[in-house]
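Dumped my_file.txt below, it's compact mmCIF, C-alpha atoms:
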```
# COMPACT_ATOMS: atom_id res chain seq x y z
CA MET A 19 92.50 97.37 184.57
CA GLU A 20 91.25 96.40 188.03
CA HIS A 21 88.43 93.93 188.65
CA TYR A 22 86.10 94.71 191.57
CA ILE A 23 84.13 91.77 192.99
CA PHE A 24 81.38 92.37 195.56
CA ASP A 25 79.37 90.14 197.81
CA VAL A 26 75.85 91.59 197.99
CA ASP A 27 73.97 90.81 201.19
CA GLY A 28 75.66 92.61 204.11
CA THR A 29 78.28 94.14 201.81
CA LEU A 30 76.35 96.32 199.37
CA THR A 31 73.01 96.12 201.16
CA PRO A 32 71.61 95.66 204.66
CA SER A 33 70.83 91.99 205.23
CA ARG A 34 67.97 90.84 202.97
CA SER A 35 67.21 94.46 202.07
CA LYS A 36 67.70 96.90 199.20
CA MET A 37 70.67 99.20 198.70
CA HIS A 38 70.39 102.52 200.48
CA PRO A 39 69.31 105.13 197.86
CA ASP A 40 72.27 107.42 198.55
CA PHE A 41 74.76 104.57 198.28
CA PHE A 42 73.02 103.31 195.15
CA ASP A 43 73.45 106.67 193.38
CA TRP A 44 77.08 106.98 194.49
CA PHE A 45 77.92 103.38 193.54
CA ASP A 46 76.30 103.81 190.13
CA GLU A 47 78.53 106.79 189.36
CA TRP A 48 81.66 105.24 190.91
CA SER A 49 81.26 101.94 189.04
CA THR A 50 80.90 103.52 185.60
CA GLY A 51 83.81 102.48 183.41
CA LYS A 52 85.04 99.86 185.88
CA ASN A 53 84.99 96.05 185.74
CA ILE A 54 82.40 95.20 188.40
CA TYR A 55 81.11 91.76 189.41
CA PHE A 56 78.62 90.56 192.02
CA VAL A 57 79.01 87.18 193.75
CA THR A 58 76.34 86.00 196.18
CA GLY A 59 74.76 82.88 197.59
CA SER A 60 71.31 84.18 196.64
CA ASP A 61 69.49 83.58 193.37
CA TYR A 62 69.29 86.16 190.58
CA GLU A 63 65.77 87.31 191.42
CA LYS A 64 66.77 88.17 194.98
CA THR A 65 69.87 90.00 193.75
CA VAL A 66 67.75 92.09 191.38
CA GLU A 67 65.41 92.86 194.26
CA GLN A 68 68.31 94.07 196.40
CA VAL A 69 70.50 96.01 193.94
CA SER A 70 68.12 96.55 190.98
CA ASN A 71 67.84 95.07 187.51
CA TYR A 72 69.72 98.12 186.24
CA LEU A 73 72.90 97.37 188.20
CA CYS A 74 72.67 93.63 187.53
CA GLU A 75 72.72 94.31 183.80
CA LYS A 76 75.31 97.08 184.07
CA VAL A 77 78.01 94.97 185.75
CA LYS A 78 80.23 92.53 183.87
CA ALA A 79 78.65 89.45 185.47
CA VAL A 80 76.45 88.37 188.35
CA TYR A 81 77.59 85.15 190.03
CA ASN A 82 74.61 83.71 191.88
CA CYS A 83 74.41 80.64 194.09
CA SER A 84 78.09 81.12 194.98
CA GLY A 85 78.99 81.10 191.29
CA SER A 86 77.00 78.04 190.22
CA MET A 87 74.84 80.29 188.03
CA VAL A 88 76.30 83.11 185.94
CA THR A 89 74.25 85.89 184.37
CA LYS A 90 75.55 88.54 181.97
CA GLN A 91 73.38 91.43 180.83
CA GLY A 92 70.31 89.54 182.07
CA ARG A 93 71.13 86.29 180.21
CA VAL A 94 72.14 83.09 182.00
CA THR A 95 75.44 81.86 180.57
CA ARG A 96 76.19 79.00 182.99
CA SER A 97 74.15 77.01 185.51
CA SER A 98 74.73 73.86 187.59
CA GLU A 99 72.18 71.04 187.83
CA TRP A 100 73.44 69.48 191.09
CA GLU A 101 70.83 67.72 193.23
CA PRO A 102 71.46 67.16 196.97
CA PRO A 103 71.42 63.56 198.26
CA GLN A 104 68.47 62.40 200.36
CA ASP A 105 70.75 61.70 203.34
CA LEU A 106 71.56 65.41 203.48
CA ILE A 107 67.89 66.40 203.35
CA SER A 108 67.14 63.95 206.17
CA ILE A 109 69.81 65.60 208.36
CA LEU A 110 68.33 69.04 207.72
CA ASP A 111 64.80 67.81 208.45
CA GLY A 112 66.14 66.39 211.71
CA TRP A 113 67.58 69.75 212.70
CA LEU A 114 64.26 71.43 212.07
CA LEU A 115 62.69 69.05 214.59
CA ALA A 116 65.53 69.21 217.11
CA SER A 117 66.34 72.94 217.20
CA ASP A 118 65.42 74.75 220.41
CA PHE A 119 64.55 77.85 218.43
CA SER A 120 60.76 77.75 218.38
CA VAL A 121 59.79 79.97 215.42
CA ARG A 122 59.18 78.31 212.03
CA THR A 123 58.07 80.39 209.05
CA GLY A 124 58.40 77.97 206.11
CA ARG A 125 60.79 77.67 203.14
CA HIS A 126 63.49 76.13 205.33
CA ILE A 127 65.25 74.33 202.48
CA GLU A 128 65.61 76.48 199.38
CA TYR A 129 66.84 74.79 196.22
CA ARG A 130 69.09 76.90 193.98
CA PRO A 131 71.29 76.05 191.00
CA GLY A 132 74.27 74.07 192.30
CA MET A 133 73.38 74.46 195.98
CA ILE A 134 70.73 74.61 198.67
CA ASN A 135 70.25 77.14 201.44
CA PHE A 136 69.02 75.95 204.84
CA SER A 137 67.42 78.13 207.49
CA VAL A 138 65.91 77.01 210.79
CA VAL A 139 63.71 80.10 211.12
CA GLY A 140 62.83 79.91 207.41
CA ARG A 141 62.79 82.28 204.47
CA GLY A 142 59.29 83.43 205.37
CA ALA A 143 60.56 85.21 208.48
CA ASN A 144 59.90 88.91 208.93
CA HIS A 145 62.56 91.32 210.20
CA GLU A 146 61.66 90.84 213.86
CA GLN A 147 61.73 87.04 213.57
CA ARG A 148 65.06 87.15 211.74
CA GLN A 149 66.59 89.30 214.48
CA MET A 150 65.28 86.89 217.11
CA TYR A 151 67.15 84.09 215.35
CA VAL A 152 70.29 86.19 214.93
CA LYS A 153 70.45 86.66 218.72
CA TYR A 154 69.71 82.97 219.30
CA ASP A 155 72.40 81.90 216.85
CA GLU A 156 74.98 84.29 218.31
CA ALA A 157 74.37 82.75 221.74
CA ASN A 158 74.18 79.11 220.63
CA ARG A 159 76.26 79.03 217.43
CA GLU A 160 73.66 76.73 215.93
CA ARG A 161 74.54 77.35 212.29
CA GLU A 162 78.22 76.63 212.92
CA THR A 163 77.23 73.36 214.57
CA ILE A 164 74.98 72.32 211.70
CA ALA A 165 77.67 73.20 209.16
CA TYR A 166 80.23 71.21 211.15
CA VAL A 167 77.99 68.13 211.21
CA ILE A 168 77.41 68.31 207.44
CA ASN A 169 81.11 68.84 206.71
CA THR A 170 81.94 65.86 208.92
CA GLU A 171 79.29 63.55 207.48
CA PHE A 172 79.97 64.24 203.79
CA THR A 173 83.38 64.30 202.12
CA ASP A 174 82.04 65.73 198.87
CA ILE A 175 79.70 68.39 200.28
CA THR A 176 80.59 71.68 201.99
CA ALA A 177 78.41 73.80 204.28
CA THR A 178 79.23 77.42 205.13
CA VAL A 179 77.46 80.06 207.20
CA GLY A 180 75.95 82.76 204.98
CA GLY A 181 73.95 85.90 205.65
CA GLU A 182 72.20 86.29 209.01
CA THR A 183 70.09 83.12 209.24
CA GLY A 184 71.14 80.66 206.54
CA ILE A 185 73.65 77.99 205.67
CA ASP A 186 74.89 77.55 202.09
CA ILE A 187 75.38 73.89 201.14
CA HIS A 188 76.99 72.78 197.87
CA PRO A 189 79.37 70.26 196.33
CA THR A 190 82.90 70.70 197.66
CA GLY A 191 84.69 73.22 195.47
CA ALA A 192 81.47 74.83 194.21
CA ASP A 193 81.92 77.82 196.51
CA LYS A 194 82.60 81.44 195.62
CA SER A 195 86.19 80.64 194.69
CA GLN A 196 84.91 78.82 191.59
CA ILE A 197 84.40 82.17 189.86
CA LEU A 198 88.18 82.50 189.54
CA LYS A 199 88.01 80.25 186.49
CA ASP A 200 86.86 83.41 184.68
CA PHE A 201 89.91 85.44 185.74
CA TYR A 202 93.67 85.26 185.18
CA ILE A 203 96.18 84.72 187.98
CA GLY A 204 97.86 88.03 187.19
CA ASP A 205 94.64 90.07 187.24
CA LYS A 206 94.39 92.95 189.71
CA ILE A 207 91.37 91.85 191.76
CA ARG A 208 89.68 93.63 194.66
CA PHE A 209 87.10 91.57 196.57
CA PHE A 210 84.70 93.01 199.18
CA GLY A 211 82.75 90.75 201.54
CA ASP A 212 81.38 90.61 205.08
CA ARG A 213 81.77 86.88 205.84
CA MET A 214 85.48 86.28 205.25
CA GLU A 215 86.11 84.54 208.56
CA GLU A 216 86.81 80.81 208.26
CA GLY A 217 83.45 79.07 207.87
CA GLY A 218 81.86 82.14 206.25
CA ASN A 219 80.72 81.91 202.63
CA ASP A 220 83.12 84.69 201.50
CA TYR A 221 86.10 82.86 203.00
CA PRO A 222 86.87 80.45 200.10
CA LEU A 223 87.23 83.28 197.58
CA SER A 224 89.08 85.54 200.02
CA ASN A 225 91.42 82.72 201.01
CA ALA A 226 92.17 81.89 197.38
CA LEU A 227 92.89 85.52 196.52
CA ASP A 228 95.11 85.96 199.57
CA SER A 229 97.30 83.05 198.51
CA LYS A 230 100.71 83.71 196.97
CA MET A 231 99.33 82.67 193.58
CA TYR A 232 97.24 85.85 193.15
CA ILE A 233 99.96 88.42 193.78
CA ASN A 234 97.86 91.35 192.51
CA ALA A 235 94.72 90.53 194.49
CA LYS A 236 93.42 91.98 197.75
CA SER A 237 90.42 91.16 199.93
CA PHE A 238 88.52 93.76 201.98
CA HIS A 239 86.65 92.35 204.98
CA VAL A 240 83.84 94.83 205.64
CA LYS A 241 81.42 95.20 208.55
CA ASP A 242 78.44 96.32 206.46
CA TRP A 243 77.49 98.40 203.40
CA LYS A 244 78.52 101.63 205.13
CA ASP A 245 81.99 100.22 205.69
CA THR A 246 82.13 99.18 202.02
CA TRP A 247 81.21 102.73 201.01
CA GLU A 248 83.94 104.21 203.18
CA LYS A 249 86.57 101.84 201.79
CA LEU A 250 85.53 102.56 198.20
CA LYS A 251 85.88 106.30 198.78
CA GLU A 252 89.54 105.69 199.57
CA ILE A 253 90.12 104.02 196.18
CA LYS A 254 91.17 106.52 193.55
```
This entry written out as structure tokens:
Amino acid sequence: MEHYIFDVDGTLTPSRSKMHPDFFDWFDEWSTGKNIYFVTGSDYEKTVEQVSNYLCEKVKAVYNCSGSMVTKQGRVTRSSEWEPPQDLISILDGWLLASDFSVRTGRHIEYRPGMINFSVVGRGANHEQRQMYVKYDEANRERETIAYVINTEFTDITATVGGETGIDIHPTGADKSQILKDFYIGDKIRFFGDRMEEGGNDYPLSNALDSKMYINAKSFHVKDWKDTWEKLKEIK
């Protein structure tokens, strides 16, 4: 039987938003009887908010914080207790002071099991403020620069660009590819994600599945949830 793994934000939902009602109903029917998994950099509460408690408990497993926390049928079965070093926090605080983007909305460093998420604009940003930062980041590639600095400074920590405004930071190896410990090499796996480019937080899992080791696996790089829907309609 096939295993379907989905990123959430930007793949099943608009960024930081809930699933579209029509897609939700279709996905609910389509997923019945299939092995479905969610893997996201967000925490469980945010995932529930985006795709519903119903779907989170219906699927085989929800891998939050890039797989550092695993929840099955609403019960946490695995969780990392990693704490970031103070040198890393100092670098992030420095970027908050140095960034030319002027808007600050709070909750810039969000601690999650096994990782932290950093955002210059902050998690308190509304839609308009988020879109302002998206345009700024597209022009200045600020998140890529911050991730590069962190990856250069620390040999045991990895930073990847995730979502529209954040950076996922975690111990090296504790990325989305870590969920493969729960699968077999010969499994038929289909992974859908929107950040599969190198440096994106879907890349480690996509790259691992595209290796010669996983001969029955395939990654689908999608543009957004509508693209995911169209690709799923083609799967019989």
Could I get the residues of range 21-80 of chain A with an atom no further than 12 Å from an atom of range 198-220 of chain A, each paired with its nearest atom pair and that distance in Å to one decimal, using all atoms listed in the file, sorted by chain and residue number, as JSON lines?
```
{"residue": "A:His21", "atom": "CA", "partner": "A:Ile207", "partner_atom": "CA", "distance": 4.8}
{"residue": "A:Tyr22", "atom": "CA", "partner": "A:Arg208", "partner_atom": "CA", "distance": 4.9}
{"residue": "A:Ile23", "atom": "CA", "partner": "A:Phe209", "partner_atom": "CA", "distance": 4.7}
{"residue": "A:Phe24", "atom": "CA", "partner": "A:Phe210", "partner_atom": "CA", "distance": 5.0}
{"residue": "A:Asp25", "atom": "CA", "partner": "A:Gly211", "partner_atom": "CA", "distance": 5.1}
{"residue": "A:Val26", "atom": "CA", "partner": "A:Gly211", "partner_atom": "CA", "distance": 7.8}
{"residue": "A:Asp27", "atom": "CA", "partner": "A:Asp212", "partner_atom": "CA", "distance": 8.4}
{"residue": "A:Gly28", "atom": "CA", "partner": "A:Asp212", "partner_atom": "CA", "distance": 6.1}
{"residue": "A:Thr29", "atom": "CA", "partner": "A:Gly211", "partner_atom": "CA", "distance": 5.6}
{"residue": "A:Leu30", "atom": "CA", "partner": "A:Gly211", "partner_atom": "CA", "distance": 8.8}
{"residue": "A:Thr31", "atom": "CA", "partner": "A:Asp212", "partner_atom": "CA", "distance": 10.8}
{"residue": "A:Pro32", "atom": "CA", "partner": "A:Asp212", "partner_atom": "CA", "distance": 11.0}
{"residue": "A:Ser33", "atom": "CA", "partner": "A:Asp212", "partner_atom": "CA", "distance": 10.6}
{"residue": "A:Lys52", "atom": "CA", "partner": "A:Arg208", "partner_atom": "CA", "distance": 11.7}
{"residue": "A:Asn53", "atom": "CA", "partner": "A:Ile207", "partner_atom": "CA", "distance": 9.7}
{"residue": "A:Ile54", "atom": "CA", "partner": "A:Arg208", "partner_atom": "CA", "distance": 9.7}
{"residue": "A:Tyr55", "atom": "CA", "partner": "A:Phe209", "partner_atom": "CA", "distance": 9.3}
{"residue": "A:Phe56", "atom": "CA", "partner": "A:Phe209", "partner_atom": "CA", "distance": 9.7}
{"residue": "A:Val57", "atom": "CA", "partner": "A:Asp220", "partner_atom": "CA", "distance": 9.1}
{"residue": "A:Thr58", "atom": "CA", "partner": "A:Asp220", "partner_atom": "CA", "distance": 8.7}
{"residue": "A:Gly59", "atom": "CA", "partner": "A:Asn219", "partner_atom": "CA", "distance": 7.9}
{"residue": "A:Ser60", "atom": "CA", "partner": "A:Asn219", "partner_atom": "CA", "distance": 11.4}
{"residue": "A:Lys78", "atom": "CA", "partner": "A:Asp200", "partner_atom": "CA", "distance": 11.3}
{"residue": "A:Ala79", "atom": "CA", "partner": "A:Asp200", "partner_atom": "CA", "distance": 10.2}
```
Counting all atoms listed in the file, figure out which residue out of A:Val66, A:Val138, A:Val77, A:Ala192 gets nearest to Tyr151 in chain A.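 Ranking A:Val66, A:Val138, A:Val77, A:Ala192 by distance to Tyr151 in chain A, first place goes to A:Val138.
With distances restricted to all atoms listed in the file, A:Ile197 is the closest residue to Leu227 in chain A from A:Tyr81, A:Ile253, A:Ile197, A:Ile109.
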Rounded to one decimal place, report the CA of Pro222 in chain A-CA of Gly181 in chain A distance in Å.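 Those two atoms sit 15.1 Å apart.
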One decimal, in Å: what's the spacing between CA of Met37 in chain A and CA of Thr183 in chain A?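 Pair CA of Met37 in chain A / CA of Thr183 in chain A returns 19.2 Å.
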Choose the residue, out of A:Leu223, A:Glu162, A:Trp100, A:Leu73, that has the smallest atom-to-atom separation from Phe45 in chain A; count all atoms listed in the file. A:Leu73
Report, in Å to a single decimal, how far apart CA of Ile185 in chain A and CA of Tyr129 in chain A are.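 About the pair CA of Tyr129 in chain A and CA of Ile185 in chain A: they are 12.1 Å apart.
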Taking only C-alpha atoms into account, name the residue in A:Ser86, A:Thr123, A:Ser224, A:Ser237 that is nearest to Ser137 in chain A.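 Of all the options, A:Thr123 lies closest to Ser137 in chain A.
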Using all atoms listed in the file, which residues sit within 9 Å of Gly142 in chain A once same-chain residues fewer than 2 positions away are excluded, as a PDB file with C-alpha atoms, in the frame of the given file?
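Everything below was put into out-v7.pdb:
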```
ATOM      1  CA  ARG A 122      59.180  78.310 212.030  1.00  0.00           C
ATOM      2  CA  THR A 123      58.070  80.390 209.050  1.00  0.00           C
ATOM      3  CA  GLY A 124      58.400  77.970 206.110  1.00  0.00           C
ATOM      4  CA  ARG A 125      60.790  77.670 203.140  1.00  0.00           C
ATOM      5  CA  HIS A 126      63.490  76.130 205.330  1.00  0.00           C
ATOM      6  CA  VAL A 139      63.710  80.100 211.120  1.00  0.00           C
ATOM      7  CA  GLY A 140      62.830  79.910 207.410  1.00  0.00           C
ATOM      8  CA  ASN A 144      59.900  88.910 208.930  1.00  0.00           C
TER       9      ASN A 144
END
```
Just checking: using all atoms listed in the file, which residue out of A:Ile175, A:Phe41, A:Phe119, A:Asp61 ends up closest to Thr246 in chain A? A:Phe41
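Proximity to Ile168 in chain A was assessed for A:Glu146, A:Glu182, A:Asp105, A:Asp228 counting all atoms listed in the file; the smallest distance is recorded for A:Asp105.
For Glu101 in chain A, the list of residues within 9 Å, based on all atoms listed in the file and with local chain neighbours fewer than 3 positions off taken out, reads A:Tyr129, A:Pro131, A:Gly132, A:Met133, A:Ile134.
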Which residues are close to Thr173 in chain A, i.e. within 12 Å by all atoms listed in the file, leaving aside same-chain residues fewer than 4 positions away? Reply as a PDB file with C-alpha atoms, keeping the file's coordinate frame.
```
ATOM      1  CA  LEU A 106      71.560  65.410 203.480  1.00  0.00           C
ATOM      2  CA  TYR A 166      80.230  71.210 211.150  1.00  0.00           C
ATOM      3  CA  VAL A 167      77.990  68.130 211.210  1.00  0.00           C
ATOM      4  CA  ILE A 168      77.410  68.310 207.440  1.00  0.00           C
ATOM      5  CA  ASN A 169      81.110  68.840 206.710  1.00  0.00           C
ATOM      6  CA  ALA A 177      78.410  73.800 204.280  1.00  0.00           C
ATOM      7  CA  HIS A 188      76.990  72.780 197.870  1.00  0.00           C
ATOM      8  CA  PRO A 189      79.370  70.260 196.330  1.00  0.00           C
ATOM      9  CA  THR A 190      82.900  70.700 197.660  1.00  0.00           C
ATOM     10  CA  GLY A 191      84.690  73.220 195.470  1.00  0.00           C
TER      11      GLY A 191
END
```
Hey, could you patch up range 204-238 of chain A with N, CA and C atoms and hand it over as a PDB file, keeping the file's coordinate frame?
```pdb
ATOM      1  N   GLY A 204      97.213  86.734 187.084  1.00  0.00           N
ATOM      2  CA  GLY A 204      97.860  88.030 187.190  1.00  0.00           C
ATOM      3  C   GLY A 204      96.914  89.213 187.266  1.00  0.00           C
ATOM      4  N   ASP A 205      95.614  88.973 187.201  1.00  0.00           N
ATOM      5  CA  ASP A 205      94.640  90.070 187.240  1.00  0.00           C
ATOM      6  C   ASP A 205      94.702  90.824 188.571  1.00  0.00           C
ATOM      7  N   LYS A 206      94.467  92.123 188.500  1.00  0.00           N
ATOM      8  CA  LYS A 206      94.390  92.950 189.710  1.00  0.00           C
ATOM      9  C   LYS A 206      92.950  92.896 190.206  1.00  0.00           C
ATOM     10  N   ILE A 207      92.722  92.126 191.269  1.00  0.00           N
ATOM     11  CA  ILE A 207      91.370  91.850 191.760  1.00  0.00           C
ATOM     12  C   ILE A 207      91.193  92.453 193.146  1.00  0.00           C
ATOM     13  N   ARG A 208      90.052  93.090 193.361  1.00  0.00           N
ATOM     14  CA  ARG A 208      89.680  93.630 194.660  1.00  0.00           C
ATOM     15  C   ARG A 208      88.323  93.025 195.051  1.00  0.00           C
ATOM     16  N   PHE A 209      88.309  92.264 196.146  1.00  0.00           N
ATOM     17  CA  PHE A 209      87.100  91.570 196.570  1.00  0.00           C
ATOM     18  C   PHE A 209      86.609  92.128 197.909  1.00  0.00           C
ATOM     19  N   PHE A 210      85.311  92.465 197.973  1.00  0.00           N
ATOM     20  CA  PHE A 210      84.700  93.010 199.180  1.00  0.00           C
ATOM     21  C   PHE A 210      83.627  92.040 199.692  1.00  0.00           C
ATOM     22  N   GLY A 211      83.731  91.666 200.966  1.00  0.00           N
ATOM     23  CA  GLY A 211      82.750  90.750 201.540  1.00  0.00           C
ATOM     24  C   GLY A 211      82.678  90.907 203.046  1.00  0.00           C
ATOM     25  N   ASP A 212      81.564  90.466 203.635  1.00  0.00           N
ATOM     26  CA  ASP A 212      81.380  90.610 205.080  1.00  0.00           C
ATOM     27  C   ASP A 212      81.519  89.310 205.854  1.00  0.00           C
ATOM     28  N   ARG A 213      81.643  88.160 205.145  1.00  0.00           N
ATOM     29  CA  ARG A 213      81.770  86.880 205.840  1.00  0.00           C
ATOM     30  C   ARG A 213      83.056  86.179 205.412  1.00  0.00           C
ATOM     31  N   MET A 214      84.191  86.818 205.668  1.00  0.00           N
ATOM     32  CA  MET A 214      85.480  86.280 205.250  1.00  0.00           C
ATOM     33  C   MET A 214      86.162  85.460 206.336  1.00  0.00           C
ATOM     34  N   GLU A 215      85.546  85.385 207.527  1.00  0.00           N
ATOM     35  CA  GLU A 215      86.110  84.540 208.560  1.00  0.00           C
ATOM     36  C   GLU A 215      85.980  83.068 208.135  1.00  0.00           C
ATOM     37  N   GLU A 216      86.871  82.221 208.627  1.00  0.00           N
ATOM     38  CA  GLU A 216      86.810  80.810 208.260  1.00  0.00           C
ATOM     39  C   GLU A 216      85.449  80.232 208.634  1.00  0.00           C
ATOM     40  N   GLY A 217      84.802  79.572 207.676  1.00  0.00           N
ATOM     41  CA  GLY A 217      83.450  79.070 207.870  1.00  0.00           C
ATOM     42  C   GLY A 217      82.398  79.963 207.245  1.00  0.00           C
ATOM     43  N   GLY A 218      82.768  81.222 206.924  1.00  0.00           N
ATOM     44  CA  GLY A 218      81.860  82.140 206.250  1.00  0.00           C
ATOM     45  C   GLY A 218      81.870  81.894 204.752  1.00  0.00           C
ATOM     46  N   ASN A 219      80.794  82.266 204.058  1.00  0.00           N
ATOM     47  CA  ASN A 219      80.720  81.910 202.630  1.00  0.00           C
ATOM     48  C   ASN A 219      81.548  82.814 201.720  1.00  0.00           C
ATOM     49  N   ASP A 220      82.167  83.886 202.274  1.00  0.00           N
ATOM     50  CA  ASP A 220      83.120  84.690 201.500  1.00  0.00           C
ATOM     51  C   ASP A 220      84.550  84.178 201.681  1.00  0.00           C
ATOM     52  N   TYR A 221      84.750  83.317 202.665  1.00  0.00           N
ATOM     53  CA  TYR A 221      86.100  82.860 203.000  1.00  0.00           C
ATOM     54  C   TYR A 221      86.804  82.125 201.851  1.00  0.00           C
ATOM     55  N   PRO A 222      86.142  81.181 201.150  1.00  0.00           N
ATOM     56  CA  PRO A 222      86.870  80.450 200.100  1.00  0.00           C
ATOM     57  C   PRO A 222      87.468  81.359 199.031  1.00  0.00           C
ATOM     58  N   LEU A 223      86.719  82.370 198.600  1.00  0.00           N
ATOM     59  CA  LEU A 223      87.230  83.280 197.580  1.00  0.00           C
ATOM     60  C   LEU A 223      88.314  84.177 198.167  1.00  0.00           C
ATOM     61  N   SER A 224      88.081  84.701 199.368  1.00  0.00           N
ATOM     62  CA  SER A 224      89.080  85.540 200.020  1.00  0.00           C
ATOM     63  C   SER A 224      90.368  84.774 200.256  1.00  0.00           C
ATOM     64  N   ASN A 225      90.248  83.551 200.724  1.00  0.00           N
ATOM     65  CA  ASN A 225      91.420  82.720 201.010  1.00  0.00           C
ATOM     66  C   ASN A 225      92.213  82.428 199.747  1.00  0.00           C
ATOM     67  N   ALA A 226      91.491  82.160 198.651  1.00  0.00           N
ATOM     68  CA  ALA A 226      92.170  81.890 197.380  1.00  0.00           C
ATOM     69  C   ALA A 226      92.909  83.128 196.879  1.00  0.00           C
ATOM     70  N   LEU A 227      92.268  84.291 196.998  1.00  0.00           N
ATOM     71  CA  LEU A 227      92.890  85.520 196.520  1.00  0.00           C
ATOM     72  C   LEU A 227      94.068  85.947 197.396  1.00  0.00           C
ATOM     73  N   ASP A 228      94.026  85.573 198.663  1.00  0.00           N
ATOM     74  CA  ASP A 228      95.110  85.960 199.570  1.00  0.00           C
ATOM     75  C   ASP A 228      96.311  85.018 199.482  1.00  0.00           C
ATOM     76  N   SER A 229      96.183  83.964 198.684  1.00  0.00           N
ATOM     77  CA  SER A 229      97.300  83.050 198.510  1.00  0.00           C
ATOM     78  C   SER A 229      98.394  83.716 197.679  1.00  0.00           C
ATOM     79  N   LYS A 230      99.582  83.137 197.705  1.00  0.00           N
ATOM     80  CA  LYS A 230     100.710  83.710 196.970  1.00  0.00           C
ATOM     81  C   LYS A 230     100.506  83.663 195.463  1.00  0.00           C
ATOM     82  N   MET A 231      99.565  82.821 195.012  1.00  0.00           N
ATOM     83  CA  MET A 231      99.330  82.670 193.580  1.00  0.00           C
ATOM     84  C   MET A 231      98.803  83.968 192.968  1.00  0.00           C
ATOM     85  N   TYR A 232      97.854  84.631 193.674  1.00  0.00           N
ATOM     86  CA  TYR A 232      97.240  85.850 193.150  1.00  0.00           C
ATOM     87  C   TYR A 232      97.964  87.063 193.756  1.00  0.00           C
ATOM     88  N   ILE A 233      99.100  87.389 193.190  1.00  0.00           N
ATOM     89  CA  ILE A 233      99.960  88.420 193.780  1.00  0.00           C
ATOM     90  C   ILE A 233      99.393  89.824 193.633  1.00  0.00           C
ATOM     91  N   ASN A 234      98.438  90.028 192.732  1.00  0.00           N
ATOM     92  CA  ASN A 234      97.860  91.350 192.510  1.00  0.00           C
ATOM     93  C   ASN A 234      96.456  91.486 193.089  1.00  0.00           C
ATOM     94  N   ALA A 235      96.075  90.532 193.939  1.00  0.00           N
ATOM     95  CA  ALA A 235      94.720  90.530 194.490  1.00  0.00           C
ATOM     96  C   ALA A 235      94.707  90.989 195.943  1.00  0.00           C
ATOM     97  N   LYS A 236      93.572  91.548 196.369  1.00  0.00           N
ATOM     98  CA  LYS A 236      93.420  91.980 197.750  1.00  0.00           C
ATOM     99  C   LYS A 236      91.965  91.822 198.169  1.00  0.00           C
ATOM    100  N   SER A 237      91.768  91.315 199.394  1.00  0.00           N
ATOM    101  CA  SER A 237      90.420  91.160 199.930  1.00  0.00           C
ATOM    102  C   SER A 237      90.157  92.236 200.991  1.00  0.00           C
ATOM    103  N   PHE A 238      88.927  92.753 201.008  1.00  0.00           N
ATOM    104  CA  PHE A 238      88.520  93.760 201.980  1.00  0.00           C
ATOM    105  C   PHE A 238      87.379  93.182 202.817  1.00  0.00           C
TER     106      PHE A 238
END
```
